[in-house]
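Enquirer: TSV, C-alpha atoms, saved as upload.tsv, coming up:
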```
chain	number	residue	atom	x	y	z
A	1	MET	CA	0.00	0.00	0.00
A	2	CYS	CA	2.45	2.62	-1.15
A	3	GLY	CA	1.42	6.19	-1.71
A	4	ILE	CA	-0.66	6.44	1.45
A	5	GLY	CA	0.38	6.03	5.05
A	6	HIS	CA	-0.43	3.14	7.30
A	7	GLY	CA	-0.33	3.66	10.65
A	8	GLY	CA	8.08	-11.57	30.28
A	9	GLN	CA	9.20	-14.31	30.42
A	10	GLY	CA	8.18	-17.75	29.23
A	11	GLU	CA	8.12	-20.62	31.62
A	12	PHE	CA	10.54	-22.72	29.61
A	13	VAL	CA	13.49	-20.32	29.51
A	14	ASP	CA	14.48	-17.34	31.57
A	15	ALA	CA	14.56	-14.99	28.61
A	16	PRO	CA	12.49	-12.21	27.04
A	17	ILE	CA	10.20	-14.21	24.79
A	18	ALA	CA	8.68	-10.89	23.72
A	19	VAL	CA	11.36	-11.12	21.03
A	20	TYR	CA	8.80	-13.39	19.37
A	21	VAL	CA	5.43	-12.27	20.60
A	22	GLY	CA	6.41	-8.68	20.34
A	23	LEU	CA	5.67	-5.25	21.55
A	24	VAL	CA	1.94	-4.65	21.48
A	25	SER	CA	0.45	-1.26	20.80
A	26	GLU	CA	-2.67	0.64	21.68
A	27	VAL	CA	-4.79	1.24	18.61
A	28	SER	CA	-6.98	4.02	19.99
A	29	PRO	CA	-6.07	7.33	21.65
A	30	VAL	CA	-8.49	6.26	24.37
A	31	LYS	CA	-6.89	3.47	26.33
A	32	PRO	CA	-8.90	0.33	25.57
A	33	VAL	CA	-9.82	-2.40	27.98
A	34	ARG	CA	-7.03	-4.83	27.31
A	35	VAL	CA	-8.73	-8.18	27.43
A	36	GLU	CA	-5.52	-9.70	26.07
A	37	ARG	CA	-3.73	-8.77	29.29
A	38	GLN	CA	-6.15	-10.51	31.63
A	39	PRO	CA	-5.04	-13.71	33.42
A	40	PRO	CA	-6.50	-16.93	32.05
A	41	ARG	CA	-10.13	-17.63	32.82
A	42	SER	CA	-10.57	-20.83	34.79
A	43	GLU	CA	-13.80	-21.70	33.03
A	44	ILE	CA	-13.86	-23.34	29.60
A	45	ASP	CA	-16.23	-21.55	27.25
A	46	GLU	CA	-18.06	-22.89	24.23
A	47	VAL	CA	-17.46	-19.77	22.14
A	48	VAL	CA	-19.43	-21.08	19.17
A	49	PRO	CA	-21.27	-24.39	18.96
A	50	GLY	CA	-18.72	-27.20	18.96
A	51	ILE	CA	-15.65	-25.03	19.68
A	52	LEU	CA	-14.27	-24.77	23.21
A	53	ARG	CA	-11.85	-22.07	24.36
A	54	LEU	CA	-9.22	-22.88	26.99
A	55	GLN	CA	-7.12	-19.95	28.20
A	56	LEU	CA	-3.57	-21.01	29.04
A	57	PRO	CA	-1.25	-18.94	31.27
A	58	ILE	CA	1.64	-16.92	29.86
A	59	SER	CA	3.46	-13.87	31.14
A	60	PHE	CA	4.61	-11.60	28.33
A	61	PRO	CA	4.49	-7.80	28.20
A	62	GLY	CA	0.88	-6.88	27.42
A	63	LEU	CA	-0.35	-10.49	27.43
A	64	GLY	CA	-1.72	-12.66	30.23
A	65	HIS	CA	-2.90	-15.77	28.41
A	66	VAL	CA	-3.10	-17.55	25.08
A	67	ASN	CA	-6.31	-19.10	23.75
A	68	CYS	CA	-6.31	-22.76	22.83
A	69	TYR	CA	-9.35	-23.88	20.83
A	70	ALA	CA	-10.61	-27.47	21.01
A	71	MET	CA	-12.95	-29.11	18.50
A	72	GLU	CA	-14.27	-32.64	18.91
A	73	ASP	CA	-15.33	-34.99	16.13
A	74	ALA	CA	-15.89	-38.71	15.71
A	75	ASP	CA	-12.14	-39.38	15.60
A	76	GLY	CA	-11.23	-37.35	18.68
A	77	VAL	CA	-10.17	-33.75	19.25
A	78	ALA	CA	-8.29	-31.10	17.28
A	79	LEU	CA	-6.51	-28.26	19.11
A	80	VAL	CA	-5.41	-24.88	17.79
A	81	ASP	CA	-2.38	-23.25	19.50
A	82	PRO	CA	-1.61	-25.46	22.51
A	83	GLY	CA	0.48	-22.95	24.49
A	84	LEU	CA	4.06	-22.66	25.70
A	85	PRO	CA	6.55	-25.51	25.97
A	86	GLY	CA	7.17	-26.97	29.40
A	87	LEU	CA	5.58	-29.31	31.91
A	88	ARG	CA	3.66	-26.55	33.64
A	89	THR	CA	1.60	-25.77	30.52
A	90	TRP	CA	1.26	-29.47	29.68
A	91	ARG	CA	-0.17	-30.27	33.10
A	92	TYR	CA	-2.48	-27.25	33.02
A	93	LEU	CA	-3.75	-28.15	29.56
A	94	LYS	CA	-4.22	-31.80	30.51
A	95	ARG	CA	-6.17	-30.75	33.62
A	96	GLN	CA	-8.38	-28.35	31.67
A	97	LEU	CA	-9.20	-30.87	28.96
A	98	GLY	CA	-9.89	-33.52	31.60
A	99	SER	CA	-12.38	-31.21	33.32
A	100	VAL	CA	-14.61	-31.42	30.23
A	101	GLY	CA	-14.10	-35.13	29.72
A	102	ILE	CA	-11.39	-35.01	27.06
A	103	PRO	CA	-8.39	-37.26	27.73
A	104	ILE	CA	-5.09	-36.18	26.18
A	105	SER	CA	-5.01	-39.42	24.20
A	106	ARG	CA	-7.97	-38.23	22.08
A	107	VAL	CA	-6.08	-35.27	20.59
A	108	HIS	CA	-5.49	-36.36	17.00
A	109	THR	CA	-4.51	-33.01	15.48
A	110	VAL	CA	-2.71	-29.85	16.58
A	111	VAL	CA	-2.89	-26.74	14.37
A	112	VAL	CA	-0.27	-24.03	14.99
A	113	THR	CA	-1.14	-20.57	13.73
A	114	HIS	CA	2.48	-19.34	13.68
A	115	SER	CA	6.02	-19.85	14.85
A	116	HIS	CA	5.98	-18.16	18.26
A	117	PRO	CA	6.43	-20.35	21.35
A	118	ASP	CA	3.13	-19.52	23.05
A	119	HIS	CA	1.46	-21.04	19.97
A	120	PHE	CA	3.62	-24.03	18.99
A	121	GLY	CA	4.97	-24.98	22.42
A	122	GLN	CA	3.13	-28.24	23.20
A	123	ALA	CA	2.74	-29.49	19.63
A	124	SER	CA	5.78	-31.77	19.69
A	125	ARG	CA	4.69	-33.29	23.01
A	126	PHE	CA	1.28	-34.14	21.56
A	127	ARG	CA	3.03	-35.70	18.58
A	128	LYS	CA	5.29	-37.78	20.80
A	129	GLN	CA	2.72	-38.90	23.36
A	130	CYS	CA	-0.45	-39.12	21.28
A	131	GLY	CA	0.76	-39.46	17.70
A	132	SER	CA	-1.08	-36.24	16.86
A	133	GLU	CA	-0.78	-34.67	13.44
A	134	ILE	CA	0.86	-31.22	13.48
A	135	ILE	CA	-0.47	-28.77	10.88
A	136	THR	CA	1.24	-25.45	10.07
A	137	HIS	CA	1.68	-23.14	7.15
A	138	ARG	CA	4.30	-24.26	4.64
A	139	GLN	CA	6.76	-21.56	5.77
A	140	PHE	CA	6.64	-22.52	9.45
A	141	ARG	CA	10.05	-22.63	11.15
A	142	THR	CA	11.13	-21.94	14.73
A	143	PHE	CA	14.34	-20.84	16.41
A	144	LEU	CA	14.79	-24.39	17.75
A	145	ASP	CA	15.27	-25.72	14.23
A	146	PRO	CA	18.99	-26.39	13.71
A	147	GLU	CA	19.00	-24.58	10.37
A	148	ALA	CA	17.02	-21.59	11.60
A	149	GLU	CA	19.88	-19.17	12.17
A	150	ALA	CA	23.30	-18.39	10.82
A	151	ASP	CA	26.39	-18.61	13.01
A	152	ASP	CA	25.34	-16.76	16.14
A	153	GLU	CA	28.83	-15.31	16.64
A	154	GLU	CA	28.87	-13.61	13.27
A	155	ALA	CA	27.15	-10.51	11.98
A	156	LEU	CA	23.81	-11.48	10.49
A	157	THR	CA	23.30	-8.37	8.40
A	158	VAL	CA	25.30	-6.69	5.66
A	159	LEU	CA	24.67	-3.90	3.19
A	160	GLU	CA	24.49	-5.44	-0.24
A	161	PRO	CA	23.51	-3.14	-3.12
A	162	ASP	CA	21.37	-4.80	-5.78
A	163	ALA	CA	21.32	-8.16	-4.05
A	164	ALA	CA	18.18	-10.24	-4.31
A	165	ASN	CA	16.24	-11.56	-1.38
A	166	GLY	CA	14.27	-14.77	-1.21
A	167	ASP	CA	11.46	-13.55	-3.46
A	168	GLY	CA	13.76	-12.12	-6.11
A	169	ALA	CA	13.17	-8.48	-5.17
A	170	SER	CA	16.03	-6.02	-5.27
A	171	THR	CA	17.34	-4.80	-1.92
A	172	SER	CA	18.21	-1.37	-3.29
A	173	SER	CA	16.07	1.66	-2.51
A	174	ALA	CA	14.39	3.88	-5.04
A	175	ASP	CA	17.51	6.01	-5.54
A	176	GLY	CA	19.77	2.99	-5.95
A	177	SER	CA	21.28	3.09	-2.47
A	178	ALA	CA	21.70	-0.14	-0.54
A	179	LEU	CA	19.00	-1.52	1.68
A	180	PRO	CA	19.97	-3.87	4.48
A	181	ARG	CA	19.55	-7.50	3.59
A	182	PRO	CA	16.59	-9.00	5.50
A	183	VAL	CA	17.61	-11.15	8.44
A	184	PRO	CA	15.90	-13.86	10.47
A	185	ASP	CA	14.24	-12.92	13.72
A	186	GLY	CA	15.34	-14.76	16.84
A	187	PRO	CA	16.82	-14.47	20.32
A	188	LEU	CA	20.39	-14.89	19.07
A	189	VAL	CA	20.38	-12.11	16.47
A	190	ARG	CA	23.24	-9.94	17.69
A	191	GLU	CA	23.45	-7.14	15.15
A	192	THR	CA	20.79	-4.93	13.70
A	193	PRO	CA	20.60	-3.83	10.05
A	194	TRP	CA	20.22	-0.20	11.14
A	195	GLY	CA	23.39	-0.10	13.28
A	196	GLY	CA	23.78	1.07	16.84
A	197	LYS	CA	23.55	-1.10	19.89
A	198	PRO	CA	22.53	-4.67	19.09
A	199	TYR	CA	20.00	-6.52	21.16
A	200	GLU	CA	22.22	-8.45	23.54
A	201	LEU	CA	21.04	-11.18	25.87
A	202	PRO	CA	23.08	-11.76	29.01
A	203	LEU	CA	25.70	-14.47	28.54
A	204	SER	CA	23.80	-16.93	30.74
A	205	ARG	CA	20.69	-16.59	28.59
A	206	ARG	CA	22.63	-16.90	25.33
A	207	ILE	CA	24.17	-20.10	26.64
A	208	ARG	CA	20.72	-21.36	27.59
A	209	TYR	CA	19.32	-20.65	24.13
A	210	ARG	CA	22.22	-22.43	22.50
A	211	ALA	CA	21.72	-25.34	24.86
A	212	LEU	CA	18.04	-25.47	23.90
A	213	ARG	CA	18.91	-25.69	20.24
A	214	LEU	CA	21.62	-28.30	20.82
A	215	ALA	CA	19.17	-30.29	22.92
A	216	ALA	CA	16.42	-30.08	20.29
A	217	GLY	CA	15.19	-33.58	19.66
A	218	ARG	CA	16.46	-34.84	23.03
A	219	PHE	CA	15.06	-32.62	25.79
A	220	ILE	CA	12.88	-30.09	23.96
A	221	ALA	CA	11.93	-31.49	20.61
A	222	PRO	CA	11.57	-28.96	17.81
A	223	THR	CA	8.13	-28.76	16.28
A	224	ARG	CA	8.15	-30.86	13.13
A	225	PRO	CA	4.96	-30.36	11.13
A	226	THR	CA	3.48	-33.52	9.67
A	227	ARG	CA	1.40	-31.46	7.26
A	228	ARG	CA	2.25	-28.07	5.83
A	229	VAL	CA	-0.56	-26.21	4.13
A	230	ASP	CA	-0.79	-23.41	1.61
A	231	ASP	CA	-3.31	-20.64	1.28
A	232	ALA	CA	-6.83	-21.92	0.44
A	233	ASP	CA	-6.15	-25.54	1.46
A	234	VAL	CA	-9.13	-27.19	3.18
A	235	LEU	CA	-8.86	-28.92	6.57
A	236	GLU	CA	-11.53	-31.15	8.09
A	237	LEU	CA	-11.46	-30.47	11.84
A	238	GLY	CA	-14.18	-30.80	14.43
A	239	GLY	CA	-16.80	-31.67	11.84
A	240	ARG	CA	-16.13	-28.41	9.98
A	241	GLY	CA	-14.43	-27.62	6.71
A	242	TRP	CA	-11.77	-24.99	7.48
A	243	VAL	CA	-10.05	-22.99	4.75
A	244	SER	CA	-6.46	-22.00	5.48
A	245	VAL	CA	-5.81	-18.27	5.06
A	246	HIS	CA	-2.15	-17.24	4.86
A	247	THR	CA	-1.75	-13.85	6.60
A	248	PRO	CA	1.93	-12.84	6.74
A	249	GLY	CA	2.95	-9.72	8.63
A	250	HIS	CA	3.35	-10.53	12.30
A	251	THR	CA	5.27	-13.58	11.06
A	252	GLU	CA	5.75	-14.83	7.53
A	253	ASP	CA	4.10	-18.16	8.34
A	254	HIS	CA	0.98	-16.80	10.04
A	255	LEU	CA	-2.13	-18.85	9.37
A	256	CYS	CA	-5.80	-18.06	10.02
A	257	LEU	CA	-8.60	-20.61	9.68
A	258	TRP	CA	-11.93	-19.77	8.04
A	259	ASP	CA	-15.12	-21.81	8.35
A	260	PRO	CA	-17.39	-20.47	5.60
A	261	ASP	CA	-20.38	-22.57	6.64
A	262	GLY	CA	-20.28	-21.50	10.28
A	263	GLY	CA	-19.03	-17.95	9.68
A	264	VAL	CA	-16.07	-18.45	12.06
A	265	MET	CA	-12.55	-17.06	11.66
A	266	ILE	CA	-9.76	-18.23	13.96
A	267	SER	CA	-7.49	-15.21	13.65
A	268	GLY	CA	-4.39	-16.10	15.69
A	269	ASP	CA	-2.35	-13.00	16.44
A	270	HIS	CA	-3.20	-11.38	13.11
A	271	VAL	CA	-6.34	-9.58	14.29
A	272	LEU	CA	-6.73	-9.12	18.05
A	273	PRO	CA	-9.55	-7.33	19.91
A	274	THR	CA	-7.73	-4.27	21.34
A	275	ILE	CA	-4.02	-4.49	20.47
A	276	THR	CA	-1.97	-5.03	17.34
A	277	PRO	CA	0.96	-7.47	17.20
A	278	HIS	CA	4.57	-6.46	16.82
A	279	ILE	CA	5.69	-5.97	13.21
A	280	SER	CA	9.38	-6.76	13.32
A	281	GLY	CA	12.03	-5.32	11.03
A	282	LEU	CA	14.18	-8.36	11.77
A	283	THR	CA	12.62	-10.85	9.40
A	284	THR	CA	13.45	-12.31	6.02
A	285	ALA	CA	10.64	-10.28	4.46
A	286	ARG	CA	11.63	-7.24	2.44
A	287	ASP	CA	8.65	-5.20	3.66
A	288	PRO	CA	6.82	-6.90	6.55
A	289	LEU	CA	4.57	-3.90	7.05
A	290	ALA	CA	3.33	-4.14	3.45
A	291	GLN	CA	2.66	-7.84	4.06
A	292	PHE	CA	0.65	-6.94	7.14
A	293	PHE	CA	-1.42	-4.35	5.27
A	294	ALA	CA	-2.20	-6.79	2.47
A	295	SER	CA	-3.20	-9.47	4.98
A	296	LEU	CA	-5.45	-7.02	6.84
A	297	ASP	CA	-7.07	-5.97	3.57
A	298	ARG	CA	-7.88	-9.64	2.93
A	299	MET	CA	-9.82	-9.76	6.20
A	300	LYS	CA	-12.23	-7.14	4.88
A	301	GLY	CA	-13.26	-9.55	2.13
A	302	PHE	CA	-14.67	-12.11	4.57
A	303	SER	CA	-18.06	-10.46	4.86
A	304	ALA	CA	-19.78	-13.61	6.13
A	305	VAL	CA	-17.72	-13.75	9.35
A	306	ARG	CA	-19.97	-13.77	12.39
A	307	SER	CA	-17.46	-14.84	15.06
A	308	VAL	CA	-13.75	-14.02	15.28
A	309	LEU	CA	-11.73	-16.21	17.65
A	310	PRO	CA	-8.38	-14.53	18.42
A	311	ALA	CA	-5.29	-16.03	20.05
A	312	HIS	CA	-5.51	-13.54	22.94
A	313	GLY	CA	-8.56	-11.86	24.42
A	314	LEU	CA	-12.21	-12.62	23.79
A	315	GLU	CA	-14.22	-13.35	20.69
A	316	PHE	CA	-15.62	-10.45	18.66
A	317	THR	CA	-17.76	-9.99	15.55
A	318	ASP	CA	-16.61	-7.07	13.35
A	319	LEU	CA	-13.56	-8.49	11.57
A	320	ALA	CA	-13.54	-5.91	8.77
A	321	GLY	CA	-13.97	-3.00	11.17
A	322	ARG	CA	-11.19	-4.24	13.40
A	323	ALA	CA	-8.86	-4.70	10.41
A	324	ASP	CA	-9.60	-1.10	9.41
A	325	ASP	CA	-8.82	0.09	12.93
A	326	ILE	CA	-5.41	-1.56	12.82
A	327	ILE	CA	-4.63	-0.15	9.38
A	328	ARG	CA	-5.52	3.34	10.62
A	329	HIS	CA	-3.24	2.84	13.61
A	330	HIS	CA	-0.31	2.17	11.30
A	331	GLU	CA	-1.35	5.02	9.01
A	332	ASP	CA	-1.01	7.28	12.03
A	333	ARG	CA	2.40	5.82	12.82
A	334	LEU	CA	3.72	6.45	9.33
A	335	GLN	CA	2.38	9.99	9.41
A	336	THR	CA	4.16	10.53	12.74
A	337	LEU	CA	7.41	9.46	11.07
A	338	ARG	CA	6.83	11.81	8.13
A	339	GLU	CA	6.30	14.72	10.49
A	340	ALA	CA	9.28	13.71	12.62
A	341	GLY	CA	11.41	13.71	9.49
A	342	GLU	CA	10.69	17.39	8.97
A	343	ARG	CA	12.31	18.09	12.35
A	344	LEU	CA	15.08	15.51	12.28
A	345	GLY	CA	16.35	15.86	8.75
A	346	ASP	CA	18.65	12.82	8.56
A	347	GLY	CA	17.48	10.75	11.50
A	348	THR	CA	18.62	7.40	12.87
A	349	VAL	CA	16.23	4.57	13.70
A	350	GLU	CA	16.72	5.31	17.39
A	351	GLU	CA	15.88	9.00	16.88
A	352	TYR	CA	12.72	8.13	14.97
A	353	MET	CA	11.84	5.50	17.57
A	354	ARG	CA	11.85	8.19	20.26
A	355	GLU	CA	9.32	10.14	18.19
A	356	LEU	CA	7.10	7.12	17.57
A	357	PHE	CA	6.96	5.47	21.00
A	358	GLN	CA	6.49	6.67	24.55
A	359	GLN	CA	9.62	6.48	26.67
A	360	ARG	CA	8.44	3.48	28.65
A	361	SER	CA	8.53	1.44	25.42
A	362	TRP	CA	11.95	2.51	24.15
A	363	GLY	CA	14.26	-0.38	23.42
A	364	PRO	CA	15.07	-3.05	20.82
A	365	MET	CA	11.45	-4.03	20.17
A	366	ALA	CA	10.43	-0.45	19.50
A	367	GLU	CA	13.50	0.09	17.30
A	368	SER	CA	12.66	-3.01	15.28
A	369	GLU	CA	9.10	-1.87	14.64
A	370	THR	CA	10.29	1.66	13.81
A	371	TYR	CA	12.75	0.20	11.33
A	372	ALA	CA	9.97	-1.80	9.65
A	373	HIS	CA	7.96	1.40	9.21
A	374	LEU	CA	10.93	3.36	7.89
A	375	GLN	CA	11.75	0.61	5.42
A	376	HIS	CA	8.16	0.70	4.20
A	377	LEU	CA	8.38	4.44	3.59
A	378	THR	CA	11.69	3.95	1.76
A	379	LEU	CA	10.28	1.27	-0.50
A	380	CYS	CA	7.28	3.52	-1.18
A	381	HIS	CA	9.71	6.22	-2.38
A	382	GLU	CA	8.81	8.48	0.53
A	383	ALA	CA	12.19	8.34	2.27
A	384	ASP	CA	15.86	7.94	1.39
A	385	ILE	CA	18.56	6.04	3.26
A	386	LYS	CA	22.09	7.18	3.95
A	387	SER	CA	24.25	4.15	4.59
A	388	ASP	CA	27.75	5.68	4.50
A	389	GLY	CA	28.24	5.68	8.28
A	390	PRO	CA	27.93	3.23	11.18
A	391	LEU	CA	24.20	4.05	11.53
A	392	LEU	CA	21.56	4.10	8.82
A	393	ARG	CA	19.98	7.53	8.52
A	394	TYR	CA	16.60	8.27	6.95
A	395	ARG	CA	15.47	11.50	5.32
A	396	MET	CA	11.87	12.05	4.30
A	397	ARG	CA	11.28	13.24	0.75
A	398	ASP	CA	9.47	16.50	0.07
```
For this file, write the structure as structure tokens.
Expert:
Amino acid sequence: MCGIGHGGQGEFVDAPIAVYVGLVSEVSPVKPVRVERQPPRSEIDEVVPGILRLQLPISFPGLGHVNCYAMEDADGVALVDPGLPGLRTWRYLKRQLGSVGIPISRVHTVVVTHSHPDHFGQASRFRKQCGSEIITHRQFRTFLDPEAEADDEEALTVLEPDAANGDGASTSSADGSALPRPVPDGPLVRETPWGGKPYELPLSRRIRYRALRLAAGRFIAPTRPTRRVDDADVLELGGRGWVSVHTPGHTEDHLCLWDPDGGVMISGDHVLPTITPHISGLTTARDPLAQFFASLDRMKGFSAVRSVLPAHGLEFTDLAGRADDIIRHHEDRLQTLREAGERLGDGTVEEYMRELFQQRSWGPMAESETYAHLQHLTLCHEADIKSDGPLLRYRMRD
């Protein structure tokens, strides 16, 4: 959408998992009631006929739970997003399912909406203990996969004029200057494409992450999908025909599920009731914000949706209206950057970040999202990059 603007800790490791889940943002000038932040409800709700919602505990900035949806059919039960890795979540989930008469052994399928640990965490355990099928989007990959990251001790970003990224697009800006090569997101990324201070985990946590990856398959098994789906594939789950809807932006592998007969959309983190997910500049996508806009625009085409089931918070009905709200939020953000550019001239990502976010949110997450917005403006020919120093600098065009 060029030419117009668009505006804690996990239980399994002592590290800021918000690297994955991300900084969440208020979408309205009036502070909304953040249902996503509430602790998990002890009751299990039948949110639409035949679909149960279990809220599992997490503790991330801005989030207090993750929704796991259960659907029963003649063969057993399918789950969507079974929560964080670790025995604590496993026992909680087993207890909750047991309270409604569902033994763990009946779970035949686990669907993972995207590659963040509060969504994929228990999938491998279900596979190991119950033989459950694991369904993800084709692009699904997690930081526990051995091939997921480059050498963690080396710089993961370089300036490469006229190089091509994974989809064949040039990484040069409109004026021919170099754009940073996209990089994978993850807890071990040590350098940023915009320069400045890298996000640095304490040594003990870096060692723990490396240990997790080395132990993958022995202590914490990586999530290995048994079925990878593409956009518009049909899944039979819980007696319903679900259409897979690929919605990249928050992650490149994000998957929503659409039941056209029942008018139900399981929206994952893509569309949430009162917050919008982090859009990271540290991904392999050339323009993750453009991906997000396109995916939100798709939501407005599902006019028959009557119930939206998000990964955090409570169900809601107006999918198209909510998608518009989030687009407007990012339109406002891009306009803030344009106006900041008039004052800053050549500004660094950190300088623009301080204009875009309140001080309490300053840090690597805010810088990453600011960078994604600045890259979008650059690719829309609204900003230029200066890359001749240690820090990228952005100047807005007249």
Enquirer: Identify which of the residues A:Asn67, A:Thr348, A:Thr223, A:Gln129 lies closest to Leu309 of chain A, counting only C-alpha atoms when measuring atom-to-atom distances.
Expert: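 Residue with the minimum atom-to-atom distance to Leu309 of chain A: A:Asn67.
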Enquirer: Using all atoms listed in the file, give me every residue within 8 Å of (9.7, -7.7, 11.7) in file coordinates, as a ChimeraX atom specification.
Expert: /A:185,249-251,278-283,285,288-289,368-369,372
Enquirer: Given the choices A:Asp253, A:Glu191, A:Glu315, A:Asp75, which gets closest to Leu52 of chain A if the distance is worked out from all atoms listed in the file?
Expert: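 Among the listed residues, A:Glu315 lies closest to Leu52 of chain A.
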Enquirer: May I ask which of the residues A:His329, A:His108, A:His254, A:Lys386 is the closest one to Thr226 of chain A, counting all atoms listed in the file?
Expert: A:His108
Enquirer: Under the rule that only C-alpha atoms are counted, which of A:Ser105, A:Ser115, A:Gln359, A:Thr378 is the nearest residue to Arg138 of chain A?
Expert: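 Residue with the minimum atom-to-atom distance to Arg138 of chain A: A:Ser115.
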Enquirer: From the set A:Ala340, A:Ser99, A:Ala320, A:Val111, which residue has the shortest atom-to-atom contact distance to Glu43 of chain A, counting all atoms listed in the file?
Expert: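 Answer, going by the shortest atom-to-atom distance: A:Ser99.
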Enquirer: Find the residue from A:Asp73, A:Asp269, A:Glu236, A:Glu133 that sits nearest to His116 of chain A; use all atoms listed in the file when measuring.
Expert: A:Asp269
Enquirer: So the first atom is atom CA of Thr142 of chain A and the second is atom CA of Asp118 of chain A; what is the distance between them in Å, to one decimal place?
Expert: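 If I compute the distance from atom CA of Thr142 of chain A to atom CA of Asp118 of chain A, I get 11.8 Å.
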Enquirer: Atom CA of Asp325 of chain A to atom CA of Ile58 of chain A: how many Å, to one decimal?
Expert: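 Taking atom CA of Asp325 of chain A and atom CA of Ile58 of chain A, their separation equals 26.2 Å.
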Enquirer: Name the residues in contact with segment 302-305 of chain A at a cut-off of 6 Å, using only C-alpha atoms, excluding same-chain residues fewer than 3 positions from it; report them as a ChimeraX atom specification.
Expert: /A:263-264,299
Enquirer: If you measure from atom CA of Glu382 of chain A to atom CA of Arg397 of chain A, what distance in Å do you get, rounded to one decimal?
Expert: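 We find that atom CA of Glu382 of chain A and atom CA of Arg397 of chain A lie 5.4 Å from each other.
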